[in-house]
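Visitor: One structure follows; several queries about it will come next.
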Amino acid sequence: MIDPDAIVAIDVHTHAEIAENGAESLGGALKAAADRYFKAGRDRPTVPRLAAYYRERNMAAVVFTVDAETATGHPPVPNEEVARACADNADVLIPFAGVDPWKGRVAVRQARRLVEEHGVRGFKLHPNLQAFFPNDRMAYELYETITELQVPVLFHTGQTGIGAGVAGGGGVRLKYSNPLHVDDVAADFPDLTIILAHPSFPWQDEALAVATHKPRVHIDLSGWSPKYFPPQLVQYANTLLQDKVLFGSDYPLITPDRWLADFANLPIKDEVRPKILKHNAARLLNLH
């Protein structure tokens, strides 16, 4: 098990992008667009390599894939495979899972099985890539199950690098990722722990409003270098939301090394910095 006192940080947002058989989580033009957008290298680590990377840095990491098979036709990296690799590296990795809300009861049964039989500790949903509004009632049975399982759900919010620059954005629509759609979920499921992923451009103020208003809504800071954070995000992280903001990198698209180097230059209070880097995540993930 992960000892929060023995590590320097908990990265709550990393991707499993390569399966054991070499299959990739995202294919074709969408993957190429994300690579260009983030200026990322072509190499994608397997989950065991990812574990070694974080162990070398004395950090822990939440790992997940995204299941957008209904919308894209592309199968995900298997959740069971990710969970097994995380179990083999439980000193540094925490397994989340990607489920496709369009799969209805199949997704509900899958979510329950992944937690109860495979040790999954939370879920990742990507409204842009999965082409659904978070407050669509078709996803509500899934939320009911996740609430019952008492694990968090992490929603992508704001613009995405997936499809950026491709004709028509590769068919990926930004409208799905406004955090206000997640506000409905937080209101309808008050016991559900929610993480809004990323600085939510162009809806940063909406994300801050939701996280301030709804007690169980948090924000992770992944997907952007901290030097580009909007001033209001830094202000709220330092004050009203200091117990609800989490370090996340978006590795392998952004490395934790780059993120942490830029975070060190932000005007974050000394007493707030360790909360963001690990204490808030340790509490949310029940690591204590």
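Letters A, B, ... go to the chains of the structure tokens in the order shown; residues in each chain start at 1; ligands are counted from 1 in the same order.
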Quick one: residues within 12 Å of Val12 (chain A), only C-alpha atoms counted, chain neighbours fewer than 6 positions away excluded, as a ChimeraX atom specification?
Guide: /A:59-64,92-96,121-124,152-154,195-198,218-223,245-251,256,276-282,284-285
Visitor: Which parts of region 202-282 of chain A does DSSP call strand (DSSP E or B) when run on the backbone here, written out as a ChimeraX atom specification?
Guide: /A:217-220,245-246,251
Visitor: Could the residues in this selection be written to a file with N, CA and C atoms, as a CSV table (one decimal), in the first residue's frame?
Guide:
chain,number,residue,atom,x,y,z
A,217,VAL,N,-17.2,18.4,-4.7
A,217,VAL,CA,-16.5,18.6,-6.0
A,217,VAL,C,-15.1,19.2,-5.8
A,218,HIS,N,-14.2,18.6,-6.5
A,218,HIS,CA,-12.8,19.0,-6.4
A,218,HIS,C,-12.3,19.3,-7.8
A,219,ILE,N,-11.1,19.9,-7.8
A,219,ILE,CA,-10.4,20.3,-9.1
A,219,ILE,C,-9.0,19.7,-9.2
A,220,ASP,N,-8.7,19.0,-10.3
A,220,ASP,CA,-7.3,18.6,-10.5
A,220,ASP,C,-6.7,19.6,-11.5
A,245,VAL,N,-8.2,21.2,-4.1
A,245,VAL,CA,-7.4,21.3,-5.4
A,245,VAL,C,-6.3,20.2,-5.3
A,246,LEU,N,-6.1,19.5,-6.4
A,246,LEU,CA,-5.2,18.4,-6.5
A,246,LEU,C,-4.2,18.5,-7.6
A,251,TYR,N,0.3,13.0,-17.5
A,251,TYR,CA,1.4,12.2,-18.0
A,251,TYR,C,0.8,11.0,-18.8
Visitor: Set the distance at 10 Å and use only C-alpha atoms: which residues neighbour Ala107 (chain A) once local chain neighbours fewer than 5 positions away are removed? I'd like the list as a PyMOL selection string.
Guide: chain A and resi 98-102+112-113+139+141-142+145
Visitor: With C-alpha atoms retained, could you export that selection as a short mmCIF file (atom, residue, chain, number, x, y, z; two decimals), in the first residue's frame?
Guide:
data_model
loop_
_atom_site.label_atom_id
_atom_site.label_comp_id
_atom_site.auth_asym_id
_atom_site.auth_seq_id
_atom_site.Cartn_x
_atom_site.Cartn_y
_atom_site.Cartn_z
CA GLY A 98 -12.72 4.16 -17.85
CA VAL A 99 -16.32 3.14 -18.51
CA ASP A 100 -18.50 4.10 -21.47
CA PRO A 101 -21.83 5.53 -20.25
CA TRP A 102 -23.43 4.74 -23.62
CA ARG A 112 -19.37 -2.79 -9.97
CA ARG A 113 -17.20 -5.72 -11.04
CA ALA A 139 -25.68 8.08 -17.23
CA GLU A 141 -27.73 4.65 -13.15
CA LEU A 142 -23.95 4.58 -13.56
CA THR A 145 -23.66 2.70 -8.76
#
Visitor: Near region 265-273 of chain A, counting only C-alpha atoms, which residues have an atom at most 12 Å away, once you skip same-chain residues fewer than 5 positions from it, shown as a PyMOL selection string?
Guide: chain A and resi 8-9+225-231+233-247+258-260+278-280
Visitor: Please run DSSP on the backbone and report, as JSON, numbers by chain, all residues within region 30-174 of chain A that come out as helix (DSSP H, G or I).
Guide: {"A": [30, 31, 32, 33, 34, 35, 36, 37, 38, 47, 48, 49, 50, 51, 52, 53, 54, 55, 56, 69, 70, 71, 72, 79, 80, 81, 82, 83, 84, 85, 86, 87, 88, 101, 102, 103, 105, 106, 107, 108, 109, 110, 111, 112, 113, 114, 115, 116, 117, 118, 127, 128, 129, 130, 137, 138, 139, 140, 141, 142, 143, 144, 145, 146, 147, 148, 149, 167, 168, 169, 170, 171, 174]}
